[in-house]
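> So I've got this file, coords.csv, and it contains CSV, C-alpha atoms:
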chain,number,residue,atom,x,y,z
S,1,MET,CA,-18.0,12.0,-32.0
S,2,VAL,CA,-19.1,13.4,-28.7
S,3,ILE,CA,-19.7,17.1,-29.4
S,4,ARG,CA,-18.8,19.4,-26.4
S,5,LEU,CA,-20.8,22.4,-27.5
S,6,LYS,CA,-23.3,22.1,-24.7
S,7,TYR,CA,-20.6,21.8,-22.0
S,8,HIS,CA,-18.9,25.0,-23.1
S,9,ARG,CA,-22.2,26.8,-23.6
S,10,VAL,CA,-23.5,26.0,-20.1
S,11,GLN,CA,-20.1,26.7,-18.6
S,12,ASN,CA,-20.4,30.2,-20.0
S,13,ALA,CA,-24.1,30.5,-18.9
S,14,LYS,CA,-25.4,31.0,-22.4
S,15,THR,CA,-28.7,29.8,-23.8
S,16,GLN,CA,-29.0,28.0,-27.2
S,17,ALA,CA,-30.6,31.2,-28.6
S,18,GLU,CA,-27.6,33.3,-27.5
S,19,ALA,CA,-25.1,30.8,-28.9
S,20,ALA,CA,-27.1,30.6,-32.2
S,21,LYS,CA,-27.0,34.4,-32.5
S,22,ALA,CA,-23.3,34.4,-32.0
S,23,ALA,CA,-22.9,31.8,-34.7
S,24,GLY,CA,-25.2,33.7,-37.0
S,25,VAL,CA,-27.8,30.9,-37.4
S,26,THR,CA,-31.2,30.0,-36.0
S,27,GLN,CA,-31.7,28.2,-32.7
S,28,PRO,CA,-33.0,25.0,-34.3
S,29,THR,CA,-29.9,24.9,-36.5
S,30,TYR,CA,-27.6,25.4,-33.5
S,31,GLN,CA,-29.5,22.7,-31.6
S,32,ARG,CA,-28.8,20.2,-34.4
S,33,TRP,CA,-25.1,21.0,-34.0
S,34,GLU,CA,-25.2,20.6,-30.2
S,35,THR,CA,-26.9,17.2,-30.4
S,36,GLY,CA,-24.6,15.9,-33.1
S,37,ARG,CA,-27.4,15.6,-35.7
S,38,ALA,CA,-25.6,18.0,-38.1
S,39,GLU,CA,-21.9,18.9,-38.6
S,40,VAL,CA,-20.8,22.3,-37.5
S,41,PRO,CA,-19.4,24.4,-40.4
S,42,LYS,CA,-15.9,25.6,-39.9
S,43,THR,CA,-16.8,29.3,-40.1
S,44,ALA,CA,-19.5,28.8,-37.4
S,45,LEU,CA,-17.2,26.7,-35.3
S,46,ALA,CA,-14.6,29.5,-35.3
S,47,LYS,CA,-17.2,32.0,-34.2
S,48,LEU,CA,-18.4,29.8,-31.4
S,49,ALA,CA,-14.8,29.0,-30.3
S,50,LYS,CA,-14.2,32.8,-29.9
S,51,TYR,CA,-17.6,33.3,-28.2
S,52,PHE,CA,-16.9,30.5,-25.6
S,53,GLU,CA,-13.2,31.4,-25.3
S,54,ALA,CA,-12.2,27.8,-26.3
S,55,THR,CA,-10.6,26.1,-29.3
S,56,PRO,CA,-12.5,24.4,-32.1
S,57,ALA,CA,-11.0,21.1,-31.0
S,58,GLN,CA,-12.3,21.6,-27.4
S,59,LEU,CA,-15.8,22.3,-28.8
S,60,LEU,CA,-15.7,19.1,-30.8
S,61,GLY,CA,-14.2,17.1,-28.0
S,62,THR,CA,-11.2,16.1,-30.1
S,63,HIS,CA,-8.5,17.9,-28.1
S,64,PRO,CA,-5.7,15.7,-26.6
S,65,PRO,CA,-6.7,13.8,-23.4
S,66,VAL,CA,-6.5,15.7,-20.1
S,67,GLU,CA,-4.1,13.8,-18.0
S,68,ALA,CA,-2.7,13.8,-14.5
S,69,ALA,CA,0.6,15.7,-14.1
S,70,PHE,CA,3.4,14.3,-12.0
S,71,TYR,CA,5.9,16.7,-10.5
S,72,ASP,CA,5.0,19.4,-13.1
S,73,ASP,CA,4.6,22.8,-11.4
S,74,ASN,CA,3.3,24.3,-14.6
S,75,ALA,CA,0.2,22.1,-14.6
S,76,PRO,CA,-3.2,23.3,-13.2
S,77,LEU,CA,-3.6,22.5,-9.5
S,78,ASP,CA,-6.6,20.2,-10.2
S,79,LEU,CA,-4.4,18.0,-12.4
S,80,ARG,CA,-1.2,18.1,-10.5
S,81,TYR,CA,-0.7,14.9,-8.5
S,82,TYR,CA,-0.2,15.6,-4.8
S,83,GLY,CA,-0.1,12.1,-3.4
S,84,GLU,CA,-2.6,10.1,-1.5
S,85,ILE,CA,-5.0,10.4,1.5
S,86,ALA,CA,-6.0,7.7,3.9
S,87,VAL,CA,-9.2,8.3,5.9
S,88,HIS,CA,-9.8,6.2,9.0
S,89,PHE,CA,-13.3,6.0,10.5
S,90,LYS,CA,-14.7,5.7,14.0
S,91,SER,CA,-16.8,2.8,12.8
S,92,GLY,CA,-13.6,0.7,12.3
S,93,CYS,CA,-14.4,0.1,8.6
S,94,ASP,CA,-11.5,-0.2,6.2
S,95,PRO,CA,-9.7,3.1,5.5
S,96,LEU,CA,-10.5,5.0,2.3
S,97,VAL,CA,-7.3,5.5,0.3
S,98,LEU,CA,-7.3,7.8,-2.8
S,99,SER,CA,-4.9,9.6,-5.1
S,100,ILE,CA,-5.6,13.3,-5.2
S,101,SER,CA,-4.5,16.5,-6.9
S,102,GLU,CA,-2.8,19.5,-5.3
S,103,GLY,CA,-6.1,21.4,-5.8
S,104,ALA,CA,-8.0,18.7,-4.0
S,105,ARG,CA,-5.5,18.6,-1.2
S,106,SER,CA,-5.9,22.4,-0.6
S,107,SER,CA,-9.7,22.1,-0.6
S,108,ILE,CA,-9.8,19.2,1.8
S,109,TYR,CA,-7.3,20.7,4.1
S,110,SER,CA,-9.4,23.9,4.3
S,111,GLN,CA,-12.7,21.9,4.8
S,112,LEU,CA,-11.2,19.9,7.7
S,113,HIS,CA,-10.9,23.2,9.6
S,114,GLU,CA,-14.5,24.2,8.9
S,115,ASN,CA,-17.6,23.2,10.8
S,116,ARG,CA,-19.6,21.4,8.1
S,117,ARG,CA,-21.3,18.1,7.8
S,118,PHE,CA,-19.3,16.6,4.8
S,119,VAL,CA,-15.9,17.0,3.4
S,120,THR,CA,-16.3,16.8,-0.4
S,121,PHE,CA,-13.7,16.5,-3.2
S,122,LYS,CA,-12.8,14.7,-6.4
S,123,ASP,CA,-9.9,12.3,-6.7
S,124,LEU,CA,-7.9,11.6,-9.8
S,125,GLY,CA,-9.7,8.4,-10.6
S,126,ASN,CA,-13.4,9.4,-11.3
S,127,ARG,CA,-14.5,9.5,-7.7
S,128,SER,CA,-16.5,12.4,-6.3
S,129,VAL,CA,-16.4,11.7,-2.5
S,130,ALA,CA,-18.4,13.0,0.4
S,131,ILE,CA,-17.0,12.0,3.8
S,132,ARG,CA,-19.0,12.8,7.0
S,133,ARG,CA,-16.7,14.9,9.1
S,134,LYS,CA,-17.9,13.5,12.5
S,135,ALA,CA,-17.3,9.9,11.2
S,136,ILE,CA,-13.5,10.6,10.8
S,137,SER,CA,-11.1,9.3,13.4
S,138,GLU,CA,-7.9,10.1,11.4
S,139,PHE,CA,-7.2,11.8,8.1
S,140,TYR,CA,-3.7,11.3,6.7
S,141,PHE,CA,-2.1,13.2,3.9
S,142,SER,CA,0.9,11.7,2.1
S,143,SER,CA,2.7,13.4,-0.7
S,144,GLU,CA,3.8,10.0,-1.9
S,145,ALA,CA,2.1,6.6,-2.2
S,146,PHE,CA,0.5,5.8,1.1
S,147,ASP,CA,1.6,2.1,1.1
S,148,TRP,CA,5.2,3.3,1.2
S,149,TYR,CA,5.0,6.4,3.4
S,150,GLY,CA,1.8,6.0,5.5
S,151,PRO,CA,1.7,4.6,9.1
S,152,GLU,CA,3.7,1.3,9.1
S,153,GLU,CA,0.9,-0.7,10.8
S,154,GLU,CA,-1.4,0.0,7.9
S,155,HIS,CA,0.8,-1.2,5.1
S,156,ASP,CA,-0.7,-4.7,5.0
S,157,ASN,CA,-4.2,-3.3,5.0
S,158,TYR,CA,-3.5,-0.9,2.2
S,159,LYS,CA,-6.1,-0.9,-0.6
S,160,LEU,CA,-5.9,1.9,-3.1
S,161,GLY,CA,-9.4,3.1,-4.1
S,162,THR,CA,-8.0,4.8,-7.2
S,163,PRO,CA,-6.6,2.1,-9.4
S,164,ILE,CA,-5.9,4.4,-12.3
S,165,GLN,CA,-5.2,8.2,-12.4
S,166,MET,CA,-7.4,9.3,-15.3
S,167,PRO,CA,-9.0,12.7,-14.7
S,168,ASP,CA,-10.6,13.3,-18.1
S,169,THR,CA,-14.4,12.7,-17.9
S,170,ARG,CA,-14.4,12.0,-21.7
S,171,ASP,CA,-12.3,8.9,-21.0
S,172,TRP,CA,-14.7,7.7,-18.4
S,173,ASP,CA,-17.6,8.1,-20.8
S,174,ILE,CA,-15.7,5.7,-23.1
S,175,ILE,CA,-15.0,3.4,-20.2
S,176,GLU,CA,-18.7,3.3,-19.4
S,177,ALA,CA,-19.4,2.5,-23.1
S,178,ILE,CA,-16.8,-0.3,-23.0
S,179,TYR,CA,-18.4,-1.7,-19.9
S,180,GLY,CA,-21.8,-1.6,-21.7
S,181,GLU,CA,-20.4,-3.6,-24.6
S,182,GLU,CA,-18.7,-6.1,-22.3
S,183,ILE,CA,-22.0,-7.0,-20.5
S,184,GLY,CA,-24.6,-6.4,-23.2
S,185,GLY,CA,-22.9,-6.4,-26.5
S,186,GLY,CA,-23.8,-3.7,-29.0
S,187,ASP,CA,-21.6,-1.0,-30.3
S,188,SER,CA,-21.9,1.9,-27.8
S,189,THR,CA,-18.3,3.0,-28.5
S,190,SER,CA,-18.9,3.3,-32.3
S,191,TYR,CA,-19.8,7.0,-32.3
S,192,ARG,CA,-16.7,8.0,-30.5
S,193,PRO,CA,-13.3,8.5,-32.3
S,194,LYS,CA,-11.7,5.1,-32.8
S,195,GLU,CA,-8.3,6.2,-31.7
S,196,GLN,CA,-9.6,7.5,-28.4
S,197,VAL,CA,-11.5,4.3,-27.8
S,198,GLU,CA,-8.4,2.2,-28.5
S,199,ARG,CA,-6.2,4.4,-26.3
S,200,VAL,CA,-8.6,4.1,-23.3
S,201,ARG,CA,-9.2,0.4,-24.0
S,202,GLY,CA,-5.4,-0.2,-23.9
S,203,ALA,CA,-5.2,1.6,-20.6
S,204,VAL,CA,-7.8,-0.6,-18.8
S,205,MET,CA,-7.4,-4.0,-20.4
S,206,ILE,CA,-5.0,-6.4,-22.3
S,207,THR,CA,-6.2,-8.1,-25.4
S,208,ASP,CA,-5.4,-11.7,-26.3
S,209,GLU,CA,-3.0,-10.5,-29.0
S,210,GLN,CA,-1.1,-8.4,-26.4
S,211,TRP,CA,-0.9,-11.5,-24.0
S,212,ASP,CA,0.5,-13.5,-26.8
S,213,LYS,CA,3.2,-10.9,-27.4
S,214,LEU,CA,4.0,-10.7,-23.7
S,215,VAL,CA,4.6,-14.4,-23.7
S,216,ALA,CA,6.6,-14.3,-26.9
S,217,ASP,CA,8.8,-11.5,-25.5
S,218,GLY,CA,9.4,-13.5,-22.3
S,219,ARG,CA,7.7,-11.0,-20.1
S,220,VAL,CA,5.1,-13.5,-18.9
S,221,LYS,CA,5.9,-17.2,-18.4
S,222,PRO,CA,3.5,-19.6,-20.3
S,223,GLU,CA,2.8,-21.5,-17.1
S,224,GLU,CA,1.8,-18.2,-15.3
S,225,LEU,CA,-0.3,-16.8,-18.2
S,226,GLU,CA,-3.8,-17.8,-16.8
S,227,THR,CA,-2.9,-16.5,-13.3
S,228,GLU,CA,-1.7,-13.2,-14.8
S,229,LYS,CA,-4.9,-13.0,-16.9
S,230,ALA,CA,-7.1,-13.5,-13.9
S,231,VAL,CA,-5.3,-10.7,-11.9
S,232,ARG,CA,-5.5,-8.3,-14.8
S,233,ALA,CA,-9.2,-9.2,-15.4
S,234,ALA,CA,-9.9,-8.3,-11.7
S,235,ASP,CA,-8.1,-5.0,-12.1
S,236,THR,CA,-10.0,-4.2,-15.3
S,237,ALA,CA,-13.3,-5.1,-13.6
S,238,GLU,CA,-12.5,-2.7,-10.8
S,239,ILE,CA,-11.7,0.1,-13.2
S,240,LEU,CA,-14.9,-0.5,-15.2
S,241,ALA,CA,-16.9,-0.4,-12.0
S,242,LEU,CA,-15.7,3.1,-11.3
S,243,ALA,CA,-17.7,4.3,-14.3
S,244,HIS,CA,-21.1,3.2,-13.1
S,245,THR,CA,-21.0,2.5,-9.4
S,246,VAL,CA,-22.2,4.6,-6.4
S,247,THR,CA,-20.5,3.3,-3.2
S,248,ILE,CA,-22.1,3.9,0.2
S,249,GLN,CA,-20.3,3.1,3.4
S,250,LEU,CA,-22.5,3.1,6.5
S,251,SER,CA,-21.2,3.8,10.0
S,252,ASN,CA,-22.5,0.4,11.1
S,253,GLY,CA,-19.8,-1.3,9.1
S,254,LYS,CA,-21.9,-2.2,6.0
S,255,ARG,CA,-21.1,-1.1,2.5
S,256,ARG,CA,-23.5,-0.8,-0.4
S,257,GLU,CA,-22.6,-0.7,-4.1
S,258,ILE,CA,-25.3,0.5,-6.5
S,259,ARG,CA,-24.3,-0.5,-10.0
S,260,TYR,CA,-27.3,0.7,-12.0
S,261,ILE,CA,-27.8,4.5,-12.0
S,262,ASP,CA,-30.6,6.2,-13.8
S,263,CYS,CA,-31.1,9.5,-12.1
S,264,ASN,CA,-29.5,13.0,-11.9
S,265,LEU,CA,-26.5,12.3,-9.6
S,266,PHE,CA,-25.6,16.0,-9.4
S,267,GLU,CA,-28.9,16.8,-7.6
S,268,CYS,CA,-27.9,14.2,-5.0
S,269,TRP,CA,-24.3,15.3,-4.8
S,270,GLU,CA,-25.4,18.9,-4.2
S,271,ARG,CA,-26.9,17.9,-0.9
S,272,PHE,CA,-23.5,16.7,0.3
S,273,GLU,CA,-21.8,19.9,-0.8
S,274,ASP,CA,-24.0,21.9,1.5
S,275,GLU,CA,-21.9,24.7,3.2
S,276,HIS,CA,-24.6,26.1,5.5
S,277,TYR,CA,-24.0,23.8,8.5
S,278,PRO,CA,-25.0,24.4,11.3
S,279,TYR,CA,-28.4,25.5,10.0
S,280,ASN,CA,-30.6,28.4,11.1
S,281,ASP,CA,-33.6,26.7,9.6
S,282,PRO,CA,-34.5,23.1,10.4
S,283,GLU,CA,-31.8,20.7,9.4
S,284,PRO,CA,-32.3,19.0,6.0
S,285,GLY,CA,-33.7,15.5,6.3
S,286,LEU,CA,-32.9,12.3,4.5
S,287,ILE,CA,-31.1,12.5,1.1
S,288,PRO,CA,-32.8,10.7,-1.8
S,289,LEU,CA,-31.0,8.7,-4.4
S,290,PRO,CA,-33.5,7.6,-7.0
S,291,TYR,CA,-31.0,5.4,-8.7
S,292,GLU,CA,-33.8,3.7,-10.8
S,293,GLY,CA,-36.4,6.4,-10.6
S,294,TYR,CA,-39.8,5.2,-9.6
S,295,HIS,CA,-38.7,1.6,-9.4
S,296,GLN,CA,-35.9,1.8,-6.9
S,297,THR,CA,-34.9,4.7,-4.6
S,298,VAL,CA,-32.9,4.8,-1.4
S,299,PHE,CA,-33.1,7.6,1.2
S,300,LEU,CA,-29.8,8.1,3.0
S,301,ASN,CA,-29.5,9.3,6.6
S,302,PRO,CA,-26.6,11.8,6.6
S,303,LYS,CA,-25.8,11.0,10.3
S,304,ALA,CA,-25.4,7.2,9.6
S,305,LEU,CA,-22.8,7.5,6.8
S,306,ASP,CA,-19.1,7.2,6.7
S,307,TYR,CA,-18.8,8.3,3.1
S,308,VAL,CA,-20.5,8.2,-0.3
S,309,SER,CA,-18.7,8.2,-3.6
S,310,PHE,CA,-20.1,8.9,-7.1
S,311,PRO,CA,-18.7,8.5,-10.6
S,312,THR,CA,-17.4,12.0,-11.3
S,313,HIS,CA,-18.1,11.9,-15.0
S,314,LYS,CA,-21.8,11.2,-14.3
S,315,VAL,CA,-22.0,14.0,-11.7
S,316,GLU,CA,-20.4,16.5,-14.1
S,317,GLY,CA,-22.6,15.4,-17.0
S,318,ASP,CA,-25.7,15.8,-14.8
S,319,ARG,CA,-24.4,19.2,-13.5
S,320,ILE,CA,-24.4,20.5,-17.1
S,321,GLU,CA,-28.0,19.2,-17.6
S,322,SER,CA,-29.2,20.8,-14.3
S,323,TYR,CA,-27.6,24.2,-15.0
S,324,ASP,CA,-28.9,24.1,-18.6
S,325,ASP,CA,-32.4,23.6,-17.3
S,326,GLY,CA,-31.9,26.7,-15.1
S,327,LEU,CA,-30.7,29.0,-17.9
S,328,THR,CA,-33.3,31.5,-19.2
S,329,ASP,CA,-32.9,33.6,-22.3
S,330,ARG,CA,-32.3,37.2,-21.2
S,331,ALA,CA,-34.4,38.5,-24.1
S,332,GLU,CA,-37.3,36.4,-22.9
S,333,ILE,CA,-36.9,37.8,-19.4
S,334,GLU,CA,-36.9,41.4,-20.6
S,335,ALA,CA,-39.9,40.7,-22.8
S,336,ASP,CA,-41.9,39.0,-20.1
S,337,GLY,CA,-40.9,41.5,-17.4
S,338,ASP,CA,-41.1,38.7,-14.8
S,339,ASP,CA,-38.8,38.0,-11.9
S,340,ALA,CA,-36.9,35.1,-13.4
S,341,LYS,CA,-33.2,35.1,-12.7
S,342,VAL,CA,-30.4,34.1,-15.0
S,343,ILE,CA,-27.9,31.6,-13.6
S,344,GLU,CA,-24.4,33.1,-13.9
S,345,LEU,CA,-21.7,30.4,-14.0
S,346,PRO,CA,-17.9,30.9,-13.8
S,347,LYS,CA,-16.2,30.4,-17.0
S,348,ALA,CA,-14.3,27.1,-17.2
S,349,LYS,CA,-10.5,27.4,-17.0
S,350,LYS,CA,-8.6,26.1,-19.9
S,351,LYS,CA,-6.6,22.9,-19.2
S,352,SER,CA,-3.4,22.0,-21.0
S,353,PRO,CA,-2.6,18.4,-21.7
S,354,THR,CA,-0.1,16.8,-19.3
S,355,LYS,CA,1.7,13.5,-18.9
S,356,LYS,CA,0.3,10.8,-16.7
S,357,GLY,CA,2.0,8.1,-14.7
S,358,ARG,CA,2.0,6.4,-11.3
S,359,ALA,CA,4.1,7.9,-8.5
S,360,LYS,CA,5.6,5.8,-5.7
Let me see whether you can do it: turn the structure in this file into structure tokens.


Amino acid sequence: MVIRLKYHRVQNAKTQAEAAKAAGVTQPTYQRWETGRAEVPKTALAKLAKYFEATPAQLLGTHPPVEAAFYDDNAPLDLRYYGEIAVHFKSGCDPLVLSISEGARSSIYSQLHENRRFVTFKDLGNRSVAIRRKAISEFYFSSEAFDWYGPEEEHDNYKLGTPIQMPDTRDWDIIEAIYGEEIGGGDSTSYRPKEQVERVRGAVMITDEQWDKLVADGRVKPEELETEKAVRAADTAEILALAHTVTIQLSNGKRREIRYIDCNLFECWERFEDEHYPYNDPEPGLIPLPYEGYHQTVFLNPKALDYVSFPTHKVEGDRIESYDDGLTDRAEIEADGDDAKVIELPKAKKKSPTKKGRAK
């Protein structure tokens, strides 16, 4: 089970000591709960749920999956499907086509009117994207699927960069674990709830037993089975790649894909979210991406990029780690009398589960 105590604690800008006090235990005891080394008693879980303004299920990560909502005006804006965007670049590279939420549409629309280096947003398929504003030649919004309603001359070149609308970062943690088992064996999915793993696995791949049933039901012809398997395998590989790949498109037409990431992606992502352009101080230099730490690092020239995209679940996970590092116990500050500042974060909005699907 993946405990979400740390996520909710950091979202509420609380230290482990403060959370432990709210639960009526010592900090070491609370730390064992947060790291999953000990089970949280029901009475303490109820206290923490009230303290973090969440439900016990949310703290344990067992609440229903957060799903994209289609044509549901009651859903949160960041989950409500808007349609698709298609970004064309001066470099002449292939357009970037993504499915986005209503919340992302509003944010992008606003940013396009601002004088900033990068337009940044999250799509519905685990992509956190930073597009250099001056690299854009055209930016299309379509409230329906772009291959049906976008410019007619682009239909044949259409390539959706969001093959699945799955906004729950917990699901992408599972997809990354499935990928790890596919390439290296092991049992990295074993500590997650079995029903969640099977649900996600069923969304991204078809088992041999399912193929046999499709043939038996007449939905796939026996002579077409291998071709259908190959197509589905390619789709599955594309989805699995979204869980661990950073994509960099350069303005000279070249594209890089970094498939092994061992660094804090949020610290890199923050550099693209910079809202202080143009700068009074000297303009920031190259942006480091130490994707394998000491062993392999790339420095990106912001002026030479079309766009960069990161796995959202990794950015969000690293964001929690970064903010947690910046939290300082208020009691310690008062005792020390130093100038340390406490990071105040906005409380996370509660998200209700919604239905998912594919709009055309």

> Could you tell me how far CA of Arg259 in chain S lies from CA of His244 in chain S, in Å and to one decimal?

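Interatomic distance, CA of Arg259 in chain S to CA of His244 in chain S: 5.8 Å.
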
> Could you give me, as JSON lines, a per-residue list for range 52-119 of chain S showing, wherever an atom lies at most 6 Å from an atom of range 2-7 of chain S, the closest pair of atoms and their distance in Å to one decimal, using all atoms listed in the file and sorting by chain then residue number from low to high?


{"residue": "S:Leu59", "atom": "CA", "partner": "S:Arg4", "partner_atom": "CA", "distance": 4.8}
{"residue": "S:Leu60", "atom": "CA", "partner": "S:Ile3", "partner_atom": "CA", "distance": 4.7}
{"residue": "S:Gly61", "atom": "CA", "partner": "S:Arg4", "partner_atom": "CA", "distance": 5.4}

> Between S:Gln31, S:Thr162, S:Gln11, S:Gln196, which one has atoms that come closest to Gly317 in chain S, using all atoms listed in the file?

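When distances to Gly317 in chain S are compared using all atoms listed in the file, the smallest one comes from S:Gln11.
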
> Every residue with an atom at most 7 Å from (-4.9, 8.2, 11.1) (file coordinates; only C-alpha atoms) is what I'm after, so could you write them as a list of chain:residue names?

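Here is the list of nearby residues: S:Val87, S:His88, S:Ser137, S:Glu138, S:Phe139, S:Tyr140.
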
> In Å, how far is it from CA of Phe141 in chain S to CA of Ala86 in chain S?

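Atom-to-atom, CA of Phe141 in chain S to CA of Ala86 in chain S, that is 6.7 Å.
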
> Name all residues at most 7 Å from Ser309 in chain S (count all atoms listed in the file; drop same-chain ones fewer than 4 positions away) and give them as a list in words.

Arg127, Ser128, Val129, Ala130, Val246, Thr247 and Ile248 of chain S

> Set the distance at 12 Å and use all atoms listed in the file: which residues neighbour Ile258 in chain S once local chain neighbours fewer than 5 positions away are removed? I'd like the list as a list in words.

Ala241, Leu242, Ala243, His244, Thr245, Val246, Thr247, Ile248, Gln249, Leu289, Pro290, Tyr291, Glu292, Gln296, Thr297, Val298, Val308, Ser309, Phe310 and Pro311 of chain S

> Got time to write the residues from that selection, C-alpha atoms, as a PDB file, in the frame of the given file?


ATOM      1  CA  ALA S 241     -16.900  -0.400 -12.000  1.00  0.00           C
ATOM      2  CA  LEU S 242     -15.700   3.100 -11.300  1.00  0.00           C
ATOM      3  CA  ALA S 243     -17.700   4.300 -14.300  1.00  0.00           C
ATOM      4  CA  HIS S 244     -21.100   3.200 -13.100  1.00  0.00           C
ATOM      5  CA  THR S 245     -21.000   2.500  -9.400  1.00  0.00           C
ATOM      6  CA  VAL S 246     -22.200   4.600  -6.400  1.00  0.00           C
ATOM      7  CA  THR S 247     -20.500   3.300  -3.200  1.00  0.00           C
ATOM      8  CA  ILE S 248     -22.100   3.900   0.200  1.00  0.00           C
ATOM      9  CA  GLN S 249     -20.300   3.100   3.400  1.00  0.00           C
ATOM     10  CA  LEU S 289     -31.000   8.700  -4.400  1.00  0.00           C
ATOM     11  CA  PRO S 290     -33.500   7.600  -7.000  1.00  0.00           C
ATOM     12  CA  TYR S 291     -31.000   5.400  -8.700  1.00  0.00           C
ATOM     13  CA  GLU S 292     -33.800   3.700 -10.800  1.00  0.00           C
ATOM     14  CA  GLN S 296     -35.900   1.800  -6.900  1.00  0.00           C
ATOM     15  CA  THR S 297     -34.900   4.700  -4.600  1.00  0.00           C
ATOM     16  CA  VAL S 298     -32.900   4.800  -1.400  1.00  0.00           C
ATOM     17  CA  VAL S 308     -20.500   8.200  -0.300  1.00  0.00           C
ATOM     18  CA  SER S 309     -18.700   8.200  -3.600  1.00  0.00           C
ATOM     19  CA  PHE S 310     -20.100   8.900  -7.100  1.00  0.00           C
ATOM     20  CA  PRO S 311     -18.700   8.500 -10.600  1.00  0.00           C
TER      21      PRO S 311
END
